Every structure is written in C-alpha cells, then in structure tokens.
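Asker: input38.json is reproduced below (JSON, C-alpha atoms).
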[["chain", "number", "residue", "atom", "x", "y", "z"],
["O", 1, "MET", "CA", -78.98, 57.75, 20.43],
["O", 2, "GLY", "CA", -75.60, 58.25, 22.06],
["O", 3, "GLN", "CA", -76.01, 62.02, 21.97],
["O", 4, "VAL", "CA", -79.38, 61.81, 23.73],
["O", 5, "MET", "CA", -77.91, 59.50, 26.36],
["O", 6, "PHE", "CA", -75.02, 61.88, 27.01],
["O", 7, "ILE", "CA", -77.20, 64.99, 27.36],
["O", 8, "VAL", "CA", -79.68, 63.28, 29.71],
["O", 9, "TRP", "CA", -76.79, 61.81, 31.73],
["O", 10, "ARG", "CA", -74.88, 65.08, 32.05],
["O", 11, "GLU", "CA", -77.88, 67.30, 32.85],
["O", 12, "SER", "CA", -79.37, 64.76, 35.26],
["O", 13, "VAL", "CA", -76.11, 64.55, 37.22],
["O", 14, "GLU", "CA", -76.08, 68.33, 37.54],
["O", 15, "ALA", "CA", -79.71, 68.33, 38.71],
["O", 16, "LEU", "CA", -78.96, 65.57, 41.22],
["O", 17, "LEU", "CA", -76.03, 67.63, 42.49],
["O", 18, "VAL", "CA", -78.33, 70.57, 43.20],
["O", 19, "VAL", "CA", -80.94, 68.40, 44.93],
["O", 20, "GLY", "CA", -78.22, 66.53, 46.84],
["O", 21, "ILE", "CA", -76.69, 69.74, 48.19],
["O", 22, "LEU", "CA", -80.02, 71.09, 49.39],
["O", 23, "TYR", "CA", -81.24, 67.76, 50.75],
["O", 24, "ALA", "CA", -78.05, 67.20, 52.77],
["O", 25, "TRP", "CA", -78.26, 70.72, 54.21],
["O", 26, "LEU", "CA", -81.88, 70.32, 55.27],
["O", 27, "LYS", "CA", -81.49, 66.73, 56.49],
["O", 28, "ASN", "CA", -78.44, 67.49, 58.63],
["O", 29, "GLY", "CA", -79.87, 70.71, 60.03],
["O", 30, "ASP", "CA", -82.00, 71.25, 63.11],
["O", 31, "ILE", "CA", -85.68, 70.38, 63.44],
["O", 32, "SER", "CA", -86.80, 73.63, 61.82],
["O", 33, "ALA", "CA", -84.59, 72.95, 58.79],
["O", 34, "ARG", "CA", -86.08, 69.48, 58.30],
["O", 35, "ARG", "CA", -89.50, 71.04, 57.88],
["O", 36, "GLY", "CA", -88.31, 72.21, 54.49],
["O", 37, "LEU", "CA", -87.89, 68.68, 53.12],
["O", 38, "PRO", "CA", -91.50, 68.40, 51.83],
["O", 39, "TYR", "CA", -91.05, 71.74, 50.07],
["O", 40, "LEU", "CA", -87.80, 70.45, 48.59],
["O", 41, "TRP", "CA", -89.49, 67.42, 47.02],
["O", 42, "ALA", "CA", -92.47, 69.51, 45.93],
["O", 43, "GLY", "CA", -90.02, 71.87, 44.22],
["O", 44, "VAL", "CA", -88.38, 68.94, 42.42],
["O", 45, "VAL", "CA", -91.77, 67.78, 41.10],
["O", 46, "ALA", "CA", -92.72, 71.32, 40.06],
["O", 47, "GLY", "CA", -89.39, 71.78, 38.27],
["O", 48, "VAL", "CA", -89.82, 68.54, 36.33],
["O", 49, "VAL", "CA", -93.39, 69.52, 35.38],
["O", 50, "LEU", "CA", -92.22, 72.95, 34.15],
["O", 51, "ALA", "CA", -89.45, 71.37, 32.08],
["O", 52, "ALA", "CA", -91.86, 68.81, 30.60],
["O", 53, "ALA", "CA", -94.30, 71.61, 29.79],
["O", 54, "LEU", "CA", -91.58, 73.44, 27.87],
["O", 55, "GLY", "CA", -90.74, 70.27, 25.95],
["O", 56, "GLY", "CA", -94.40, 69.77, 25.10],
["O", 57, "ALA", "CA", -94.73, 73.40, 24.05],
["O", 58, "LEU", "CA", -91.74, 73.07, 21.71],
["O", 59, "LEU", "CA", -93.22, 69.99, 20.04],
["O", 60, "GLY", "CA", -96.72, 71.48, 19.92],
["O", 61, "PHE", "CA", -95.59, 74.78, 18.44],
["O", 62, "SER", "CA", -93.44, 72.98, 15.87],
["O", 63, "GLU", "CA", -96.42, 70.86, 14.79],
["O", 64, "MET", "CA", -98.54, 73.99, 14.38],
["O", 65, "LEU", "CA", -96.08, 75.34, 11.83],
["O", 66, "SER", "CA", -95.71, 74.06, 8.30],
["O", 67, "GLY", "CA", -93.38, 74.41, 5.34],
["O", 68, "ASP", "CA", -90.59, 76.95, 5.60],
["O", 69, "ALA", "CA", -91.89, 78.31, 8.92],
["O", 70, "GLN", "CA", -91.40, 74.94, 10.60],
["O", 71, "THR", "CA", -87.97, 74.53, 8.99],
["O", 72, "TYR", "CA", -86.77, 77.94, 10.18],
["O", 73, "PHE", "CA", -88.15, 77.28, 13.67],
["O", 74, "GLN", "CA", -86.28, 73.99, 13.90],
["O", 75, "ILE", "CA", -83.05, 75.59, 12.66],
["O", 76, "ALA", "CA", -83.46, 78.36, 15.24],
["O", 77, "ILE", "CA", -83.82, 75.79, 18.03],
["O", 78, "VAL", "CA", -80.65, 74.01, 16.87],
["O", 79, "LEU", "CA", -78.69, 77.28, 16.97],
["O", 80, "ILE", "CA", -80.24, 78.27, 20.32],
["O", 81, "ALA", "CA", -79.29, 74.87, 21.75],
["O", 82, "SER", "CA", -75.70, 75.43, 20.64],
["O", 83, "VAL", "CA", -75.58, 78.85, 22.31],
["O", 84, "LEU", "CA", -77.20, 77.51, 25.51],
["O", 85, "ILE", "CA", -74.66, 74.71, 25.78],
["O", 86, "VAL", "CA", -71.79, 77.18, 25.52],
["O", 87, "GLN", "CA", -73.48, 79.51, 28.01],
["O", 88, "MET", "CA", -73.98, 76.61, 30.44],
["O", 89, "VAL", "CA", -70.31, 75.63, 30.23],
["O", 90, "PHE", "CA", -69.12, 79.17, 30.96],
["O", 91, "TRP", "CA", -71.70, 79.58, 33.74],
["O", 92, "MET", "CA", -70.45, 76.44, 35.47],
["O", 93, "ARG", "CA", -66.83, 77.55, 35.08],
["O", 94, "LYS", "CA", -67.71, 80.81, 36.82],
["O", 95, "HIS", "CA", -70.09, 79.56, 39.52],
["O", 96, "GLY", "CA", -69.15, 75.89, 39.92],
["O", 97, "ARG", "CA", -66.74, 76.42, 42.82],
["O", 98, "THR", "CA", -69.20, 78.52, 44.82],
["O", 99, "LEU", "CA", -72.39, 76.71, 43.78],
["O", 100, "LYS", "CA", -72.70, 74.75, 47.02],
["O", 101, "LYS", "CA", -71.95, 77.75, 49.22],
["O", 102, "ASP", "CA", -74.36, 80.01, 47.34],
["O", 103, "MET", "CA", -77.23, 77.53, 47.44],
["O", 104, "GLU", "CA", -76.72, 76.74, 51.13],
["O", 105, "SER", "CA", -76.60, 80.47, 51.91],
["O", 106, "SER", "CA", -79.87, 81.06, 50.07],
["O", 107, "MET", "CA", -81.43, 78.05, 51.78],
["O", 108, "GLN", "CA", -80.30, 79.23, 55.21],
["O", 109, "SER", "CA", -81.82, 82.65, 54.61],
["O", 110, "ASN", "CA", -85.18, 81.08, 53.70],
["O", 111, "VAL", "CA", -85.14, 78.72, 56.69],
["O", 112, "GLN", "CA", -84.25, 81.44, 59.18],
["O", 113, "SER", "CA", -87.13, 83.61, 57.97],
["O", 114, "GLY", "CA", -89.51, 80.64, 57.85],
["O", 115, "ASN", "CA", -90.01, 81.20, 54.13],
["O", 116, "TRP", "CA", -90.65, 77.60, 53.10],
["O", 117, "TRP", "CA", -92.11, 78.68, 49.77],
["O", 118, "GLY", "CA", -88.74, 80.27, 49.09],
["O", 119, "VAL", "CA", -87.23, 76.79, 49.41],
["O", 120, "PHE", "CA", -89.86, 75.48, 47.01],
["O", 121, "VAL", "CA", -89.16, 78.22, 44.44],
["O", 122, "LEU", "CA", -85.37, 77.82, 44.73],
["O", 123, "VAL", "CA", -85.53, 74.09, 44.01],
["O", 124, "ALA", "CA", -88.23, 74.39, 41.34],
["O", 125, "LEU", "CA", -86.27, 77.00, 39.40],
["O", 126, "ALA", "CA", -83.03, 75.03, 39.68],
["O", 127, "ILE", "CA", -84.63, 71.83, 38.39],
["O", 128, "ALA", "CA", -86.67, 73.65, 35.74],
["O", 129, "ARG", "CA", -83.48, 75.29, 34.46],
["O", 130, "GLU", "CA", -81.71, 71.97, 34.04],
["O", 131, "GLY", "CA", -84.80, 70.31, 32.62],
["O", 132, "SER", "CA", -85.63, 73.10, 30.18],
["O", 133, "GLU", "CA", -82.06, 73.12, 28.90],
["O", 134, "THR", "CA", -82.30, 69.37, 28.40],
["O", 135, "ALA", "CA", -85.58, 69.77, 26.48],
["O", 136, "VAL", "CA", -84.04, 72.34, 24.12],
["O", 137, "PHE", "CA", -80.87, 70.28, 23.65],
["O", 138, "LEU", "CA", -82.80, 67.10, 22.90],
["O", 139, "TYR", "CA", -85.11, 68.88, 20.48],
["O", 140, "GLY", "CA", -82.10, 70.29, 18.64],
["O", 141, "ILE", "CA", -80.30, 66.95, 18.59],
["O", 142, "GLY", "CA", -83.49, 65.16, 17.51],
["O", 143, "LEU", "CA", -83.49, 67.05, 14.21],
["O", 144, "GLY", "CA", -80.36, 65.17, 13.23],
["O", 145, "GLN", "CA", -81.77, 61.87, 14.47],
["O", 146, "GLN", "CA", -84.80, 61.63, 12.21],
["O", 147, "GLU", "CA", -83.90, 58.08, 11.30],
["O", 148, "ALA", "CA", -84.05, 57.02, 14.95],
["O", 149, "SER", "CA", -87.31, 55.66, 16.32],
["O", 150, "THR", "CA", -89.11, 57.25, 19.25],
["O", 151, "ALA", "CA", -88.63, 54.05, 21.26],
["O", 152, "SER", "CA", -84.84, 54.14, 20.81],
["O", 153, "LEU", "CA", -84.68, 57.81, 21.85],
["O", 154, "VAL", "CA", -86.79, 57.11, 24.93],
["O", 155, "LEU", "CA", -84.59, 54.13, 25.77],
["O", 156, "ALA", "CA", -81.49, 56.31, 25.41],
["O", 157, "GLY", "CA", -83.04, 58.84, 27.79],
["O", 158, "VAL", "CA", -83.89, 56.18, 30.37],
["O", 159, "ILE", "CA", -80.37, 54.71, 30.19],
["O", 160, "GLY", "CA", -78.86, 58.18, 30.51],
["O", 161, "PHE", "CA", -81.00, 58.89, 33.59],
["O", 162, "GLY", "CA", -80.01, 55.58, 35.17],
["O", 163, "LEU", "CA", -76.33, 56.25, 34.49],
["O", 164, "ALA", "CA", -76.76, 59.67, 36.11],
["O", 165, "PHE", "CA", -77.85, 58.08, 39.40],
["O", 166, "LEU", "CA", -74.93, 55.66, 39.25],
["O", 167, "THR", "CA", -72.48, 58.48, 38.44],
["O", 168, "PHE", "CA", -73.84, 60.64, 41.24],
["O", 169, "TYR", "CA", -73.47, 57.78, 43.72],
["O", 170, "ILE", "CA", -69.86, 57.13, 42.66],
["O", 171, "LEU", "CA", -68.98, 60.81, 42.78],
["O", 172, "GLN", "CA", -70.45, 61.10, 46.26],
["O", 173, "LEU", "CA", -68.05, 58.38, 47.41],
["O", 174, "GLY", "CA", -65.18, 60.69, 46.54],
["O", 175, "GLY", "CA", -61.94, 59.86, 44.79],
["O", 176, "LYS", "CA", -59.03, 61.57, 43.12],
["O", 177, "ILE", "CA", -59.43, 59.93, 39.71],
["O", 178, "PHE", "CA", -63.20, 60.22, 39.29],
["O", 179, "SER", "CA", -64.04, 63.37, 41.22],
["O", 180, "TRP", "CA", -66.55, 66.18, 40.69],
["O", 181, "ARG", "CA", -63.77, 68.38, 39.34],
["O", 182, "ARG", "CA", -62.69, 65.72, 36.81],
["O", 183, "PHE", "CA", -66.33, 65.08, 35.85],
["O", 184, "PHE", "CA", -66.95, 68.71, 34.96],
["O", 185, "GLN", "CA", -63.61, 69.03, 33.16],
["O", 186, "VAL", "CA", -64.30, 66.06, 30.88],
["O", 187, "THR", "CA", -67.97, 66.81, 30.21],
["O", 188, "GLU", "CA", -67.12, 70.47, 29.57],
["O", 189, "VAL", "CA", -64.96, 69.46, 26.60],
["O", 190, "ILE", "CA", -67.63, 67.09, 25.26],
["O", 191, "LEU", "CA", -70.32, 69.76, 25.62],
["O", 192, "LEU", "CA", -68.25, 72.31, 23.70],
["O", 193, "LEU", "CA", -67.70, 69.74, 20.95],
["O", 194, "LEU", "CA", -71.43, 69.00, 20.91],
["O", 195, "ALA", "CA", -72.21, 72.71, 20.65],
["O", 196, "ALA", "CA", -69.82, 72.95, 17.70],
["O", 197, "GLY", "CA", -71.63, 70.07, 16.01],
["O", 198, "LEU", "CA", -75.03, 71.69, 16.54],
["O", 199, "LEU", "CA", -73.77, 75.05, 15.26],
["O", 200, "VAL", "CA", -72.36, 73.51, 12.09],
["O", 201, "THR", "CA", -75.57, 71.51, 11.54],
["O", 202, "GLY", "CA", -77.75, 74.59, 12.04],
["O", 203, "VAL", "CA", -75.70, 76.75, 9.67],
["O", 204, "GLU", "CA", -75.63, 73.99, 7.03],
["O", 205, "LYS", "CA", -79.41, 73.52, 7.21],
["O", 206, "LEU", "CA", -80.01, 77.27, 7.05],
["O", 207, "PHE", "CA", -77.73, 77.66, 4.04],
["O", 208, "ASP", "CA", -79.43, 74.73, 2.27],
["O", 209, "VAL", "CA", -82.87, 76.29, 2.80],
["O", 210, "LEU", "CA", -81.66, 79.63, 1.46],
["O", 211, "LEU", "CA", -80.20, 77.93, -1.61],
["O", 212, "GLU", "CA", -83.45, 76.05, -2.28],
["O", 213, "SER", "CA", -85.52, 79.20, -2.01],
["O", 214, "SER", "CA", -83.34, 81.32, -4.34],
["O", 215, "ASP", "CA", -82.23, 80.21, -7.80],
["O", 216, "MET", "CA", -80.00, 83.27, -8.10],
["O", 217, "LEU", "CA", -78.23, 82.44, -4.85],
["O", 218, "ALA", "CA", -77.86, 78.78, -5.80],
["O", 219, "SER", "CA", -76.20, 79.63, -9.13],
["O", 220, "ALA", "CA", -73.77, 82.21, -7.74],
["O", 221, "ASP", "CA", -70.08, 81.33, -7.99],
["O", 222, "TRP", "CA", -69.33, 82.16, -4.35],
["O", 223, "THR", "CA", -72.07, 79.82, -3.09],
["O", 224, "MET", "CA", -70.61, 77.00, -5.17],
["O", 225, "THR", "CA", -67.25, 77.70, -3.58],
["O", 226, "LEU", "CA", -68.74, 77.61, -0.07],
["O", 227, "THR", "CA", -70.55, 74.32, -0.72],
["O", 228, "ALA", "CA", -67.64, 72.55, -2.44],
["O", 229, "PRO", "CA", -65.97, 69.80, -0.34],
["O", 230, "VAL", "CA", -62.58, 70.81, 1.05],
["O", 231, "TRP", "CA", -61.32, 67.27, 1.63],
["O", 232, "ASP", "CA", -62.55, 63.67, 1.77],
["O", 233, "THR", "CA", -61.77, 61.46, 4.77],
["O", 234, "ALA", "CA", -64.57, 58.96, 4.18],
["O", 235, "TRP", "CA", -61.89, 56.30, 3.69],
["O", 236, "LEU", "CA", -60.85, 56.88, 7.31],
["O", 237, "LEU", "CA", -64.24, 57.53, 8.94],
["O", 238, "ASP", "CA", -67.45, 57.84, 6.95],
["O", 239, "ASP", "CA", -69.97, 60.08, 8.74],
["O", 240, "SER", "CA", -72.84, 58.11, 7.20],
["O", 241, "THR", "CA", -71.99, 55.03, 9.28],
["O", 242, "THR", "CA", -73.27, 54.50, 12.82],
["O", 243, "ALA", "CA", -69.97, 55.39, 14.48],
["O", 244, "GLY", "CA", -69.32, 58.25, 12.08],
["O", 245, "SER", "CA", -72.79, 59.69, 12.61],
["O", 246, "LEU", "CA", -72.32, 59.62, 16.39],
["O", 247, "ILE", "CA", -68.95, 61.38, 16.17],
["O", 248, "SER", "CA", -70.39, 63.83, 13.64],
["O", 249, "THR", "CA", -73.15, 64.94, 16.02],
["O", 250, "LEU", "CA", -70.89, 65.00, 19.07],
["O", 251, "THR", "CA", -68.04, 66.92, 17.44],
["O", 252, "GLY", "CA", -69.22, 68.44, 14.16],
["O", 253, "TYR", "CA", -66.99, 66.08, 12.16],
["O", 254, "ARG", "CA", -67.70, 65.86, 8.42],
["O", 255, "ALA", "CA", -66.04, 63.34, 6.10],
["O", 256, "ARG", "CA", -66.54, 65.71, 3.16],
["O", 257, "PRO", "CA", -66.89, 69.13, 4.77],
["O", 258, "ALA", "CA", -67.95, 72.11, 2.71],
["O", 259, "LEU", "CA", -65.83, 75.24, 2.96],
["O", 260, "LEU", "CA", -68.70, 76.93, 4.84],
["O", 261, "SER", "CA", -68.66, 74.20, 7.51],
["O", 262, "VAL", "CA", -64.90, 74.49, 7.93],
["O", 263, "ILE", "CA", -65.12, 78.27, 8.32],
["O", 264, "VAL", "CA", -67.90, 78.03, 10.91],
["O", 265, "TYR", "CA", -66.04, 75.35, 12.84],
["O", 266, "VAL", "CA", -62.74, 77.25, 12.89],
["O", 267, "VAL", "CA", -64.37, 80.55, 13.87],
["O", 268, "TYR", "CA", -66.29, 78.80, 16.65],
["O", 269, "TRP", "CA", -63.15, 77.35, 18.22],
["O", 270, "VAL", "CA", -61.20, 80.59, 17.85],
["O", 271, "VAL", "CA", -63.95, 82.42, 19.75],
["O", 272, "ILE", "CA", -64.29, 79.68, 22.41],
["O", 273, "CYS", "CA", -60.55, 79.36, 23.01],
["O", 274, "SER", "CA", -60.16, 83.14, 23.17],
["O", 275, "ALA", "CA", -62.90, 83.33, 25.80],
["O", 276, "LEU", "CA", -61.58, 80.37, 27.78],
["O", 277, "TYR", "CA", -57.99, 81.52, 27.99],
["O", 278, "ARG", "CA", -58.53, 85.26, 28.13],
["O", 279, "LYS", "CA", -56.72, 86.70, 31.11],
["O", 280, "PRO", "CA", -58.67, 89.18, 33.24],
["O", 281, "LYS", "CA", -57.28, 92.69, 33.33],
["O", 282, "PRO", "CA", -55.39, 93.66, 36.47],
["O", 283, "GLN", "CA", -57.45, 95.76, 38.83],
["O", 284, "SER", "CA", -55.20, 98.79, 38.27],
["O", 285, "GLN", "CA", -55.77, 98.67, 34.49],
["O", 286, "ARG", "CA", -59.54, 98.57, 34.66],
["O", 287, "GLN", "CA", -61.41, 101.73, 33.89],
["O", 288, "PRO", "CA", -63.17, 103.25, 36.90],
["O", 289, "ALA", "CA", -66.94, 103.04, 36.81],
["O", 290, "VAL", "CA", -68.64, 106.26, 35.82]]
Reformat the file's structure so that it appears as structure tokens.

Answerer:
Amino acid sequence: MGQVMFIVWRESVEALLVVGILYAWLKNGDISARRGLPYLWAGVVAGVVLAAALGGALLGFSEMLSGDAQTYFQIAIVLIASVLIVQMVFWMRKHGRTLKKDMESSMQSNVQSGNWWGVFVLVALAIAREGSETAVFLYGIGLGQQEASTASLVLAGVIGFGLAFLTFYILQLGGKIFSWRRFFQVTEVILLLLAAGLLVTGVEKLFDVLLESSDMLASADWTMTLTAPVWDTAWLLDDSTTAGSLISTLTGYRARPALLSVIVYVVYWVVICSALYRKPKPQSQRQPAV
C-alpha cells in the first residue's frame, strides 16, 4: 500500500508541475495566450483517458492469458517497470533544469502560430506519459501486493493523489529546505531503490518459473548454490512483516537473500552508480563525427 501511495504521489506531483508551468504561462500571457486555456484542460483530460486506457489494456491483456503465458507477461511488466523507473530518473536529471524553459518555448511557438491543437497535443502527451508510467509501475508493484485488497490499493492511490496536491502547493510557496530541487533529489533515491526492488523481484520470479518447468535445472548444483540463502537477518527485520514487506518492495531488501538476488542487486547498483557519476569526456577528447 505504501509503494502505491508513493508512486501515485511522485508521478502526480510531476504531472502537476507540467500543468502548472503551462497554465501559469497561458494565464499570465496576453489575450491570445489565454485562448489556449480550454485546450490545456482538454489536453489534461485526454492524457488521463489515454493513461487509463493503457492501464485497462494491461489488465485486459493479462486476463486473456493463462498459465505460463500470463506468468511470463507479468514478470516482463515488472522488469519493464524497473527499467522505466531508472529511465525516468535519468531523463529528469538531464532535462529537469530546462524543463520549464523547453515547455514554455514550445507553448510560445504554438500560440504565435495560432496552433491551439498543438497546445492540446503537448499537454495530452505530457500527461499521458506520466499516467502511462504510473499504470505500468502500479501493475508491476501490484504483483507483489496480491494479499492487498482492491479497496486498500484504491485508497492508497487516492491518498497519494491528495498528498500530491498538498506537496505541489507547498513547493509552489518556495523554501530552501523543501524546494523542487530537494524534492527531486530525495525522490530520485527512493525511485532507484524501488527499481532495484522490482528488478530483484522480477528476476526471482523468472528464476522460480524456470526451476518449476525444468527438473534438470532444478536439480543442478549451480542452481542450488544460486538459491541458497547467503545470510539471515530476520532477527533484525523480517521481510514477511508489514514493515519488512514495505521496505522489501521499496528497496529490494531480503531477510534471507539468495545468492542470485545478491548478485542482481550488487550489479544493479554498480551499473547505476557508474552511470550517475560518470564524468563526460572533455570536448577535445571526443571523436569527431564521421
């Protein structure tokens, strides 16, 4: 439930940021700019509808499958969600500082040419992107929340959406402690931890399915080594408890991790840290384009 709340909260704040930037630009512009406001709100509605359609398509397609096909589809969504979260983090790190300028520039171009449908498409795609990512993330997270009721997941989503409005309002007030920069820094770390948890879950589920479908693979010595627990910290934090389950999904923590899970987790963070702290090559050292 906490994972659902966090994803809805984080993605909703980002969507509100996009709408807020465009709304403020149109509202504070001249009379011609204000004519784009109806297209702005129509784009928001269209984006939400597109995102909801994707969520419905995911659920519908999953229900159409059965047996191993459904299992592999669900595992694929978990792994895709993990990749998308990482991609989103790196995209925001690259474009976050110029997001406002880029969107206002695109909006100005549409307004000057009288292309109001361009405003509609810009907003619809922005909202649909955030919403579709949320749908994939929630579907992936939901696979590890099978014990949770639909009502509790919906409640978590509603609370997350309400917190997003409150967060957006506070951030708009400004402040050095709780600023947009600090918001993205903190949520970036949590998102990367969440992606690690989803990756480990997806790999574990995939490996379990492969073991169940192959007696030869299940009896091999190397598979027993990979599935053997490396340590046991259940005495400190049991991942079967409510708190432990929440931390497990948010960070990939396992009280009794198999060697395979440890390897996946370590490799993930080596790759992420290498990408985060990789220094760009000086211009003089870059190869000229051919």

Asker: Every residue with an atom at most 12 Å from (-84.8, 73.1, 36.6) (file coordinates; all atoms listed in the file) is what I'm after, so could you write them as a count of residues only?

Answerer: 36

Asker: For Leu84 (chain O), which of O:Val267, O:Leu198, O:Ala275, O:Leu250 is the closest residue, counting only C-alpha atoms?

Answerer: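 Smallest distance to Leu84 (chain O) is found for O:Leu198.
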
Asker: Hey, can you check how far CA of Val266 (chain O) sits from CA of Leu194 (chain O)?

Answerer: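 Those two atoms sit 14.4 Å apart.
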
Asker: In Å, with one decimal, what is the gap from CA of Gly20 (chain O) to CA of Phe168 (chain O)?

Answerer: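 The value is 9.2 Å.
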
Asker: Can you pull out every residue within 8 Å of Ala255 (chain O), counting all atoms listed in the file, but drop anything in the same chain fewer than 5 positions away, and send it as an NGL selection string?

Answerer: :O and (231-234 or 237-239)

Asker: Can those selected residues be exported to a file as a tab-separated table (two decimals), in the coordinates of the input so that it contains C-alpha atoms?

Answerer:
chain	number	residue	atom	x	y	z
O	231	TRP	CA	-61.32	67.27	1.63
O	232	ASP	CA	-62.55	63.67	1.77
O	233	THR	CA	-61.77	61.46	4.77
O	234	ALA	CA	-64.57	58.96	4.18
O	237	LEU	CA	-64.24	57.53	8.94
O	238	ASP	CA	-67.45	57.84	6.95
O	239	ASP	CA	-69.97	60.08	8.74

Asker: How far is it from CA of Met107 (chain O) to CA of Trp41 (chain O), in Å with one decimal?

Answerer: 14.2 Å

Asker: Of the candidates O:Ile159, O:Met5, O:Leu40, O:Ala196, which shows the shortest atom-to-atom distance to Val270 (chain O), using all atoms listed in the file?

Answerer: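 Closest to Val270 (chain O) of all the choices is O:Ala196.
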